[in-house]
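Peer 1: Sharing entry_32.cif here; it has mmCIF, C-alpha atoms.
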data_work
loop_
_atom_site.label_atom_id
_atom_site.label_comp_id
_atom_site.auth_asym_id
_atom_site.auth_seq_id
_atom_site.Cartn_x
_atom_site.Cartn_y
_atom_site.Cartn_z
CA MET A 23 29.99 26.48 33.01
CA THR A 24 28.35 23.98 35.34
CA THR A 25 27.57 21.06 33.08
CA ALA A 26 29.39 19.22 30.38
CA SER A 27 26.35 18.68 28.22
CA PRO A 28 23.03 20.27 27.31
CA VAL A 29 20.03 18.96 29.19
CA HIS A 30 16.76 18.53 27.35
CA GLU A 31 13.94 18.58 29.86
CA THR A 32 10.37 17.89 28.81
CA PRO A 33 7.55 19.79 30.56
CA THR A 34 5.34 17.59 32.69
CA ALA A 35 2.37 18.48 30.42
CA GLN A 36 4.05 16.49 27.63
CA PRO A 37 4.48 12.89 28.80
CA ILE A 38 7.64 11.17 27.59
CA PRO A 39 6.96 7.86 25.81
CA LEU A 40 8.36 4.82 27.61
CA ARG A 41 10.54 3.89 24.63
CA THR A 42 12.11 7.35 24.70
CA ARG A 43 12.67 7.14 28.44
CA LEU A 44 14.39 3.77 28.08
CA ALA A 45 16.59 5.09 25.28
CA ALA A 46 17.58 8.07 27.43
CA TRP A 47 18.34 5.87 30.44
CA SER A 48 20.41 3.57 28.23
CA GLU A 49 22.46 6.53 26.97
CA ILE A 50 23.05 7.66 30.55
CA MET A 51 24.28 4.19 31.53
CA GLN A 52 26.65 4.16 28.56
CA THR A 53 28.00 7.69 28.86
CA ALA A 54 27.59 8.55 32.58
CA ASN A 55 26.12 11.82 31.39
CA ALA A 56 22.86 13.49 30.44
CA PRO A 57 21.53 12.59 26.98
CA LEU A 58 22.53 14.88 24.12
CA GLU A 59 19.23 14.87 22.25
CA LEU A 60 16.73 12.80 24.21
CA PRO A 61 14.56 14.35 26.93
CA LEU A 62 15.60 13.85 30.55
CA ASP A 63 13.06 12.75 33.16
CA THR A 64 13.40 12.57 36.94
CA ILE A 65 14.70 9.00 36.92
CA GLY A 66 17.26 9.98 34.31
CA LYS A 67 18.44 12.86 36.47
CA TRP A 68 18.99 10.58 39.44
CA LEU A 69 20.81 8.06 37.25
CA VAL A 70 23.18 10.86 36.27
CA MET A 71 23.51 12.26 39.80
CA THR A 72 24.21 8.89 41.40
CA ARG A 73 26.62 8.09 38.55
CA ALA A 74 24.77 4.85 37.93
CA ALA A 75 26.92 4.08 34.88
CA VAL A 76 29.79 2.95 37.12
CA ILE A 77 27.64 0.80 39.41
CA PRO A 78 28.37 -2.34 37.32
CA MET A 79 31.69 -2.44 39.20
CA THR A 80 29.66 -3.01 42.36
CA LEU A 81 27.41 -5.61 40.72
CA TRP A 82 30.52 -7.57 39.72
CA SER A 83 31.72 -7.52 43.35
CA GLY A 84 28.40 -8.88 44.58
CA MET A 85 28.22 -11.53 41.86
CA ILE A 86 31.81 -12.62 42.50
CA GLY A 87 31.01 -13.12 46.18
CA LEU A 88 27.89 -15.14 45.36
CA LEU A 89 29.53 -17.31 42.70
CA LEU A 90 32.49 -18.09 44.96
CA ALA A 91 30.00 -19.24 47.59
CA VAL A 92 28.07 -21.43 45.16
CA GLU A 93 31.24 -23.05 43.82
CA ALA A 94 32.48 -23.68 47.37
CA SER A 95 29.12 -25.22 48.35
CA ARG A 96 29.59 -27.90 45.67
CA THR A 97 32.64 -29.27 47.48
CA THR A 98 31.96 -28.34 51.10
CA PRO A 99 29.43 -30.57 52.91
CA GLY A 100 26.84 -28.61 54.84
CA LEU A 101 27.63 -25.26 53.20
CA LEU A 102 24.24 -23.85 52.17
CA ILE A 103 23.50 -20.69 50.20
CA ASN A 104 20.95 -18.14 51.40
CA TYR A 105 19.97 -16.70 48.01
CA TRP A 106 17.40 -14.28 49.39
CA ALA A 107 20.06 -12.78 51.65
CA VAL A 108 22.39 -12.41 48.68
CA ILE A 109 19.74 -10.58 46.65
CA LEU A 110 19.12 -8.24 49.54
CA ALA A 111 22.85 -7.74 50.05
CA VAL A 112 23.45 -6.86 46.38
CA VAL A 113 20.59 -4.35 46.50
CA GLY A 114 22.26 -2.89 49.59
CA LEU A 115 25.61 -2.66 47.81
CA VAL A 116 24.09 -0.84 44.84
CA LEU A 117 22.29 1.63 47.12
CA ALA A 118 25.47 2.12 49.14
CA HIS A 119 27.44 2.91 45.98
CA ALA A 120 24.80 5.40 44.88
CA ALA A 121 24.85 7.01 48.32
CA ASN A 122 28.65 7.11 48.22
CA ASN A 123 28.62 9.08 44.98
CA LEU A 124 26.13 11.55 46.43
CA ILE A 125 28.16 11.81 49.65
CA ASN A 126 31.25 12.68 47.61
CA ASP A 127 29.38 15.47 45.81
CA TYR A 128 27.86 16.79 49.03
CA PHE A 129 31.03 17.03 51.09
CA ASP A 130 33.25 18.16 48.21
CA MET A 131 30.76 20.96 47.55
CA THR A 132 30.35 22.01 51.19
CA GLY A 133 34.12 21.75 51.63
CA GLY A 134 34.76 24.16 48.77
CA VAL A 135 36.29 21.58 46.41
CA ASP A 136 33.47 21.25 43.89
CA THR A 137 32.97 24.62 42.23
CA GLU A 138 31.85 25.64 38.76
CA GLY A 139 35.45 25.58 37.53
CA TYR A 140 36.50 22.30 39.14
CA VAL A 141 36.69 19.06 37.17
CA ARG A 142 33.56 17.53 38.75
CA ALA A 143 31.29 20.21 37.31
CA LEU A 144 32.86 20.07 33.85
CA TYR A 145 32.54 16.45 32.78
CA ALA A 146 28.93 15.92 33.99
CA PRO A 147 26.19 17.86 35.81
CA HIS A 148 26.83 18.30 39.53
CA PRO A 149 23.57 17.70 41.46
CA VAL A 150 23.52 21.09 43.18
CA LEU A 151 25.76 23.27 40.98
CA SER A 152 23.68 22.25 37.96
CA GLY A 153 20.53 23.45 39.72
CA TRP A 154 18.91 20.04 39.55
CA VAL A 155 18.43 19.69 43.33
CA THR A 156 19.06 21.76 46.42
CA LYS A 157 21.72 20.99 48.98
CA ALA A 158 18.98 19.92 51.39
CA THR A 159 17.50 17.51 48.82
CA LEU A 160 20.92 16.01 48.19
CA ARG A 161 21.46 15.55 51.93
CA ASN A 162 18.01 13.97 52.34
CA ALA A 163 18.65 11.54 49.49
CA ILE A 164 21.86 10.44 51.20
CA LEU A 165 20.04 9.93 54.48
CA LEU A 166 17.24 7.98 52.80
CA LEU A 167 19.61 5.59 50.99
CA THR A 168 21.69 5.14 54.13
CA THR A 169 18.58 4.41 56.21
CA ILE A 170 17.43 1.76 53.73
CA ASP A 171 20.89 0.21 53.87
CA GLY A 172 20.70 0.26 57.67
CA VAL A 173 17.45 -1.70 57.57
CA ILE A 174 18.99 -4.19 55.12
CA MET A 175 21.96 -4.60 57.45
CA LEU A 176 19.70 -5.43 60.39
CA VAL A 177 17.67 -7.93 58.36
CA LEU A 178 20.82 -9.65 57.09
CA ALA A 179 22.32 -9.74 60.59
CA ALA A 180 19.14 -11.25 62.02
CA THR A 181 19.19 -14.08 59.49
CA ASN A 182 22.92 -14.85 59.61
CA GLN A 183 24.95 -17.20 61.77
CA GLN A 184 27.39 -14.39 62.55
CA PRO A 185 25.27 -11.23 63.03
CA ALA A 186 28.06 -9.25 64.67
CA LEU A 187 30.37 -9.89 61.71
CA VAL A 188 27.66 -8.85 59.23
CA ILE A 189 27.20 -5.58 61.12
CA ALA A 190 30.96 -5.08 61.29
CA PHE A 191 31.31 -5.45 57.51
CA ALA A 192 28.40 -3.06 56.88
CA LEU A 193 29.60 -0.40 59.31
CA ALA A 194 33.14 -0.62 57.97
CA GLY A 195 31.76 0.06 54.50
CA LEU A 196 29.73 3.01 55.77
CA PHE A 197 32.77 4.42 57.58
CA LEU A 198 34.95 4.24 54.46
CA SER A 199 32.16 5.63 52.28
CA VAL A 200 31.52 8.69 54.45
CA PHE A 201 35.05 9.54 55.48
CA TYR A 202 36.45 9.15 52.00
CA VAL A 203 35.61 12.86 51.68
CA ALA A 204 33.94 13.90 54.94
CA PRO A 205 35.79 15.78 57.69
CA PRO A 206 37.61 15.35 59.93
CA LEU A 207 39.34 12.37 58.26
CA ASN A 208 38.83 13.15 54.54
CA LEU A 209 40.86 10.10 53.49
CA LYS A 210 41.11 11.23 49.87
CA ARG A 211 42.87 14.44 50.88
CA HIS A 212 45.56 12.49 52.74
CA GLY A 213 46.45 9.88 50.13
CA LEU A 214 44.23 7.15 51.58
CA GLY A 215 41.33 7.29 49.14
CA GLU A 216 42.82 4.63 46.88
CA LEU A 217 43.27 2.25 49.83
CA ASP A 218 39.67 3.02 50.84
CA VAL A 219 38.34 1.86 47.47
CA PHE A 220 40.67 -1.16 47.40
CA LEU A 221 39.29 -2.40 50.73
CA THR A 222 35.66 -1.57 49.92
CA TRP A 223 35.23 -3.15 46.47
CA GLY A 224 37.34 -6.19 47.37
CA PRO A 225 37.28 -7.66 50.89
CA LEU A 226 34.21 -5.78 52.13
CA MET A 227 31.89 -6.22 49.13
CA ILE A 228 33.04 -9.63 47.89
CA GLY A 229 33.78 -11.01 51.34
CA GLY A 230 30.59 -9.49 52.75
CA THR A 231 28.43 -11.07 50.04
CA TYR A 232 30.05 -14.46 50.67
CA LEU A 233 29.37 -13.96 54.39
CA VAL A 234 25.65 -13.29 53.98
CA ALA A 235 25.39 -16.16 51.50
CA THR A 236 27.01 -18.80 53.72
CA GLY A 237 27.31 -17.45 57.26
CA THR A 238 31.10 -17.62 57.07
CA VAL A 239 33.94 -15.84 55.29
CA PRO A 240 37.17 -17.85 54.92
CA THR A 241 40.47 -16.07 54.46
CA TRP A 242 40.92 -17.38 50.92
CA VAL A 243 37.79 -15.48 49.80
CA LEU A 244 39.20 -12.21 51.11
CA VAL A 245 42.49 -12.89 49.33
CA PHE A 246 40.69 -13.88 46.11
CA SER A 247 38.89 -10.53 46.18
CA LEU A 248 42.15 -8.57 45.87
CA PRO A 249 42.80 -8.93 42.11
CA TYR A 250 39.37 -7.51 41.27
CA SER A 251 39.73 -4.75 43.85
CA LEU A 252 42.99 -3.76 42.11
CA LEU A 253 40.99 -3.21 38.92
CA VAL A 254 38.41 -1.02 40.65
CA THR A 255 41.20 0.93 42.32
CA SER A 256 42.77 1.49 38.90
CA VAL A 257 39.63 3.39 37.87
CA LEU A 258 39.89 5.77 40.82
CA PHE A 259 43.64 6.02 40.26
CA GLY A 260 43.01 7.07 36.66
CA LYS A 261 40.53 9.71 37.76
CA HIS A 262 42.98 11.10 40.30
CA ILE A 263 45.67 11.27 37.60
CA ASP A 264 43.24 13.32 35.52
CA LYS A 265 42.81 15.72 38.44
CA ILE A 266 46.45 16.11 39.50
CA VAL A 267 46.69 19.79 38.58
CA PRO A 268 43.47 21.07 40.24
CA ASP A 269 43.90 18.74 43.24
CA THR A 270 47.46 19.97 43.79
CA ALA A 271 46.20 23.55 43.77
CA LEU A 272 43.61 22.66 46.44
CA GLY A 273 46.04 20.74 48.65
CA ILE A 274 44.32 17.40 47.97
CA ARG A 275 47.14 14.87 48.17
CA THR A 276 45.83 11.82 46.37
CA VAL A 277 48.41 9.13 45.59
CA PRO A 278 48.81 10.37 41.98
CA VAL A 279 49.40 13.91 43.30
CA ILE A 280 52.10 12.53 45.62
CA LEU A 281 53.70 10.47 42.85
CA GLY A 282 53.38 12.92 39.98
CA GLU A 283 51.76 12.08 36.64
CA HIS A 284 54.55 10.00 35.10
CA ARG A 285 55.03 7.66 38.06
CA ALA A 286 51.29 7.53 38.70
CA ARG A 287 50.67 6.35 35.14
CA ARG A 288 53.26 3.60 35.60
CA VAL A 289 51.77 2.52 38.93
CA ASN A 290 48.31 2.29 37.43
CA GLN A 291 49.64 0.15 34.61
CA VAL A 292 51.01 -2.22 37.25
CA LEU A 293 47.64 -2.35 39.03
CA MET A 294 45.87 -3.35 35.83
CA ILE A 295 48.50 -5.88 34.73
CA ALA A 296 48.72 -7.51 38.17
CA PHE A 297 45.12 -8.71 37.91
CA TYR A 298 46.04 -11.43 35.41
CA PRO A 299 48.87 -13.31 37.14
CA LEU A 300 46.98 -13.10 40.42
CA ILE A 301 43.89 -14.70 38.88
CA LEU A 302 46.11 -17.42 37.40
CA LEU A 303 47.57 -18.00 40.86
CA THR A 304 44.09 -18.52 42.36
CA VAL A 305 43.54 -21.33 39.86
CA LEU A 306 46.93 -22.91 40.49
CA VAL A 307 46.34 -23.04 44.26
CA GLY A 308 42.94 -24.64 43.69
CA TRP A 309 40.67 -21.92 45.05
CA VAL A 310 38.57 -21.73 41.88
CA GLY A 311 38.16 -23.60 38.63
CA PRO A 312 40.03 -22.71 35.43
CA TRP A 313 37.14 -20.99 33.66
CA VAL A 314 38.12 -17.72 35.38
CA LEU A 315 41.07 -17.65 32.99
CA LEU A 316 38.57 -16.36 30.42
CA ALA A 317 39.60 -13.01 31.85
CA VAL A 318 42.64 -13.15 29.54
CA LEU A 319 40.24 -12.24 26.70
CA ALA A 320 40.42 -8.71 28.13
CA ILE A 321 44.18 -8.51 27.49
CA PRO A 322 43.78 -6.88 24.02
CA THR A 323 41.74 -4.15 25.70
CA LEU A 324 44.35 -3.94 28.45
CA TRP A 325 47.06 -3.53 25.83
CA SER A 326 45.25 -0.61 24.21
CA VAL A 327 44.73 0.99 27.63
CA LEU A 328 48.39 0.55 28.54
CA LYS A 329 49.38 2.36 25.36
CA VAL A 330 47.22 5.31 26.39
CA TYR A 331 48.93 5.33 29.78
CA ASN A 332 52.35 5.45 28.09
CA GLN A 333 51.69 9.05 27.11
CA PRO A 334 50.82 12.15 29.18
CA LYS A 335 47.27 13.42 29.11
CA PRO A 336 46.75 15.51 25.96
CA ALA A 337 46.28 19.26 26.33
CA GLU A 338 42.82 19.00 24.80
CA ALA A 339 40.43 16.27 23.80
CA PRO A 340 41.22 14.57 20.47
CA SER A 341 38.54 14.90 17.81
CA TRP A 342 37.42 11.28 18.34
CA TYR A 343 37.05 11.62 22.12
CA PRO A 344 33.51 12.22 23.48
CA PRO A 345 33.56 15.93 24.39
CA ARG A 346 31.17 15.46 27.31
CA GLY A 347 33.74 13.35 29.16
CA TRP A 348 36.50 15.94 29.04
CA PRO A 349 38.62 16.87 31.03
CA LEU A 350 38.60 13.26 32.26
CA TRP A 351 40.88 11.04 30.21
CA PHE A 352 42.73 8.19 31.93
CA VAL A 353 39.74 7.13 34.02
CA ALA A 354 37.64 6.40 30.93
CA PHE A 355 40.16 3.87 29.63
CA ALA A 356 40.64 2.22 33.03
CA PHE A 357 36.87 1.85 33.39
CA ARG A 358 36.59 0.31 29.94
CA HIS A 359 39.13 -2.30 31.03
CA VAL A 360 37.59 -3.11 34.42
CA ARG A 361 34.11 -3.45 32.95
CA LEU A 362 35.30 -6.09 30.48
CA ALA A 363 37.78 -7.90 32.74
CA GLY A 364 35.34 -7.93 35.66
CA GLY A 365 32.57 -9.25 33.45
CA LEU A 366 34.78 -12.04 32.09
CA LEU A 367 35.90 -12.99 35.60
CA THR A 368 32.25 -13.20 36.68
CA LEU A 369 31.38 -15.27 33.61
CA GLY A 370 34.27 -17.60 34.39
CA LEU A 371 33.07 -18.12 37.94
CA PHE A 372 29.60 -18.94 36.60
CA LEU A 373 31.02 -21.46 34.14
CA ASN A 374 33.01 -23.08 36.98
CA ILE A 375 29.61 -23.93 38.47
CA VAL A 376 27.69 -25.08 35.40
CA ILE A 377 30.59 -26.74 33.52
CA PRO A 378 33.07 -27.72 36.23
CA VAL A 379 36.55 -28.63 34.99
CA LYS A 380 39.32 -29.99 37.17
CA LEU A 381 42.90 -29.36 36.09
CA PRO A 382 45.45 -32.11 36.71
CA LEU A 383 47.51 -30.20 39.26
CA PRO A 384 49.74 -32.75 41.03
CA TRP A 385 50.45 -30.47 44.01
CA LEU A 386 46.72 -30.47 44.82
CA SER A 387 46.42 -34.26 44.83
#
Mind converting the file's structure to structure tokens?
Peer 2:
Amino acid sequence: MTTASPVHETPTAQPIPLRTRLAAWSEIMQTANAPLELPLDTIGKWLVMTRAAVIPMTLWSGMIGLLLAVEASRTTPGLLINYWAVILAVVGLVLAHAANNLINDYFDMTGGVDTEGYVRALYAPHPVLSGWVTKATLRNAILLLTTIDGVIMLVLAATNQQPALVIAFALAGLFLSVFYVAPPLNLKRHGLGELDVFLTWGPLMIGGTYLVATGTVPTWVLVFSLPYSLLVTSVLFGKHIDKIVPDTALGIRTVPVILGEHRARRVNQVLMIAFYPLILLTVLVGWVGPWVLLAVLAIPTLWSVLKVYNQPKPAEAPSWYPPRGWPLWFVAFAFRHVRLAGGLLTLGLFLNIVIPVKLPLPWLS
């Protein structure tokens, strides 16, 4: 079995109506999988293969970086925002995330990890194992996306006050993206994949967007990025908990493999919980306005996710669980939480700009 769901392809002689295409793409973005009933076109295939459904995590990182810059510009004389650079940077982040997902599939397949019986090929179609594209096509897609990102990097560097720093951020992101799975480092195999994601979706993406927006990146921005990067890391952590058994058999020592399922579940609960007091702390020290505390509206969802993490993964999918997502379990709940909490944090940063509120904090006077 190489795919978790049936794929309904329509012959090219029968054009797919736009409304049907949009409905299919919407289902892909909601389920991270091929549609159950709707026909699948080429764009739909690439949305599935690049795992576009999880790219909102990257959009939040870019938006957080921008909104922090805009809020700072209101109180910092001479701090101007280069909005065109930000748009280009966010496009680059999205393409980099898509390339990263393809890179993972390519090197895990060529390294003998992704096979027809491994988790990756069970919960959604694998680009090559499903027969959708050849290995060469997958490699060429990676090279194309990386080349576009390289051009974006050069344009952003040429229009920034600190071109060397822009290039350093971009190359650091490329390094972590490739060597997350690529030899000889293969960071995931040695328990460093979680740290990789923590650094990428926090300091590099949020700090990098702030850098291209303003030409500078103060330390407080990098620190502010850490609570959100904990949430993104919790998603990967959940996925690695789901794969403890097969990864152990393959000698892939992710942090959950090292910890064991019980301790890994507890650690991931801590990662998700820690987001909230850390966001409160950023308000109390005066880095951002209080609207970011809207993130607490995600606590009911957090509570339901924590209850799931209190129990081991079930032996088989419950009747209510979408069968196409199995054998993944913990990752789905962590992603549900980060999508809501990240969205509320972004909304709060936006409201700090349009409806600024100043708390009477005597230690900031």
Peer 1: Translate the PyMOL selection byres ((chain A and resi 198) around 9) into a concrete residue list for this structure, as a PDB file with C-alpha atoms, in the coordinates of the input.
Peer 2:
ATOM      1  CA  LEU A 193      29.600  -0.400  59.310  1.00  0.00           C
ATOM      2  CA  ALA A 194      33.140  -0.620  57.970  1.00  0.00           C
ATOM      3  CA  GLY A 195      31.760   0.060  54.500  1.00  0.00           C
ATOM      4  CA  LEU A 196      29.730   3.010  55.770  1.00  0.00           C
ATOM      5  CA  PHE A 197      32.770   4.420  57.580  1.00  0.00           C
ATOM      6  CA  SER A 199      32.160   5.630  52.280  1.00  0.00           C
ATOM      7  CA  VAL A 200      31.520   8.690  54.450  1.00  0.00           C
ATOM      8  CA  PHE A 201      35.050   9.540  55.480  1.00  0.00           C
ATOM      9  CA  TYR A 202      36.450   9.150  52.000  1.00  0.00           C
ATOM     10  CA  LEU A 209      40.860  10.100  53.490  1.00  0.00           C
ATOM     11  CA  GLY A 215      41.330   7.290  49.140  1.00  0.00           C
ATOM     12  CA  ASP A 218      39.670   3.020  50.840  1.00  0.00           C
ATOM     13  CA  VAL A 219      38.340   1.860  47.470  1.00  0.00           C
ATOM     14  CA  LEU A 221      39.290  -2.400  50.730  1.00  0.00           C
ATOM     15  CA  THR A 222      35.660  -1.570  49.920  1.00  0.00           C
TER      16      THR A 222
END
Peer 1: So that I can check the surroundings of Leu187 in chain A, please list as JSON, numbers by chain every protein, DNA and RNA residue that reaches within 9 Å of it, counting all atoms listed in the file and ignoring chain neighbours fewer than 5 positions away.
Peer 2: {"A": [179, 192, 230, 233]}
Peer 1: From the set A:Gln36, A:Asn55, A:Thr241, A:Ser152, which residue has the shortest atom-to-atom contact distance to Thr72 in chain A, counting only C-alpha atoms?
Peer 2: A:Asn55
Peer 1: Evaluate the PyMOL selection byres ((chain A and resi 326) around 12) and record the selected residues as a list in words, following the chain and residue labels used in the document.
Peer 2: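 That expression, the PyMOL selection byres ((chain A and resi 326) around 12), corresponds here to Gln291, Met294, Ala320, Ile321, Pro322, Thr323, Leu324, Trp325, Val327, Leu328, Lys329, Val330, Tyr331, Asn332, Gln333, Phe352, Phe355, Ala356, Arg358 and His359 of chain A.
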Peer 1: Go through A:Ile86, A:Ile263, A:Ala354, A:Met227 and flag the residue nearest Pro278 in chain A, using all atoms listed in the file for the distances.
Peer 2: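 Nearest to Pro278 in chain A: A:Ile263.
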Peer 1: Would you list the contacts of Gly282 in chain A as a PyMOL selection string, taking every protein, DNA or RNA residue within 12 Å and counting all atoms listed in the file, but skipping same-chain residues closer than 2 positions in sequence?
Peer 2: chain A and resi 259+262-267+269-270+275-280+284-289+334
Peer 1: Quick one: range 180-197 of chain A with N, CA and C atoms, as a short mmCIF file (atom, residue, chain, number, x, y, z; two decimals), keeping the file's coordinate frame?
Peer 2:
data_model
loop_
_atom_site.label_atom_id
_atom_site.label_comp_id
_atom_site.auth_asym_id
_atom_site.auth_seq_id
_atom_site.Cartn_x
_atom_site.Cartn_y
_atom_site.Cartn_z
N ALA A 180 20.10 -10.42 61.29
CA ALA A 180 19.14 -11.25 62.02
C ALA A 180 19.00 -12.64 61.42
N THR A 181 19.36 -12.78 60.16
CA THR A 181 19.19 -14.08 59.49
C THR A 181 20.52 -14.78 59.24
N ASN A 182 21.60 -14.29 59.85
CA ASN A 182 22.92 -14.85 59.61
C ASN A 182 23.47 -15.52 60.86
N GLN A 183 24.35 -16.50 60.65
CA GLN A 183 24.95 -17.20 61.77
C GLN A 183 25.93 -16.32 62.55
N GLN A 184 26.43 -15.28 61.90
CA GLN A 184 27.39 -14.39 62.55
C GLN A 184 26.90 -12.94 62.42
N PRO A 185 25.85 -12.58 63.17
CA PRO A 185 25.27 -11.23 63.03
C PRO A 185 26.25 -10.11 63.33
N ALA A 186 27.12 -10.31 64.33
CA ALA A 186 28.06 -9.25 64.67
C ALA A 186 29.03 -8.99 63.52
N LEU A 187 29.44 -10.05 62.82
CA LEU A 187 30.37 -9.89 61.71
C LEU A 187 29.69 -9.20 60.53
N VAL A 188 28.42 -9.53 60.29
CA VAL A 188 27.66 -8.85 59.23
C VAL A 188 27.59 -7.35 59.51
N ILE A 189 27.28 -6.99 60.74
CA ILE A 189 27.20 -5.58 61.12
C ILE A 189 28.56 -4.92 61.00
N ALA A 190 29.61 -5.64 61.38
CA ALA A 190 30.96 -5.08 61.29
C ALA A 190 31.33 -4.77 59.84
N PHE A 191 31.03 -5.69 58.93
CA PHE A 191 31.31 -5.45 57.51
C PHE A 191 30.54 -4.24 57.01
N ALA A 192 29.24 -4.16 57.36
CA ALA A 192 28.40 -3.06 56.88
C ALA A 192 28.87 -1.72 57.42
N LEU A 193 29.17 -1.66 58.71
CA LEU A 193 29.60 -0.40 59.31
C LEU A 193 30.98 0.02 58.81
N ALA A 194 31.84 -0.95 58.54
CA ALA A 194 33.14 -0.62 57.97
C ALA A 194 32.97 0.01 56.59
N GLY A 195 32.04 -0.53 55.81
CA GLY A 195 31.76 0.06 54.50
C GLY A 195 31.20 1.46 54.61
N LEU A 196 30.29 1.67 55.57
CA LEU A 196 29.73 3.01 55.77
C LEU A 196 30.81 3.99 56.20
N PHE A 197 31.67 3.56 57.11
CA PHE A 197 32.77 4.42 57.58
C PHE A 197 33.66 4.86 56.41
#
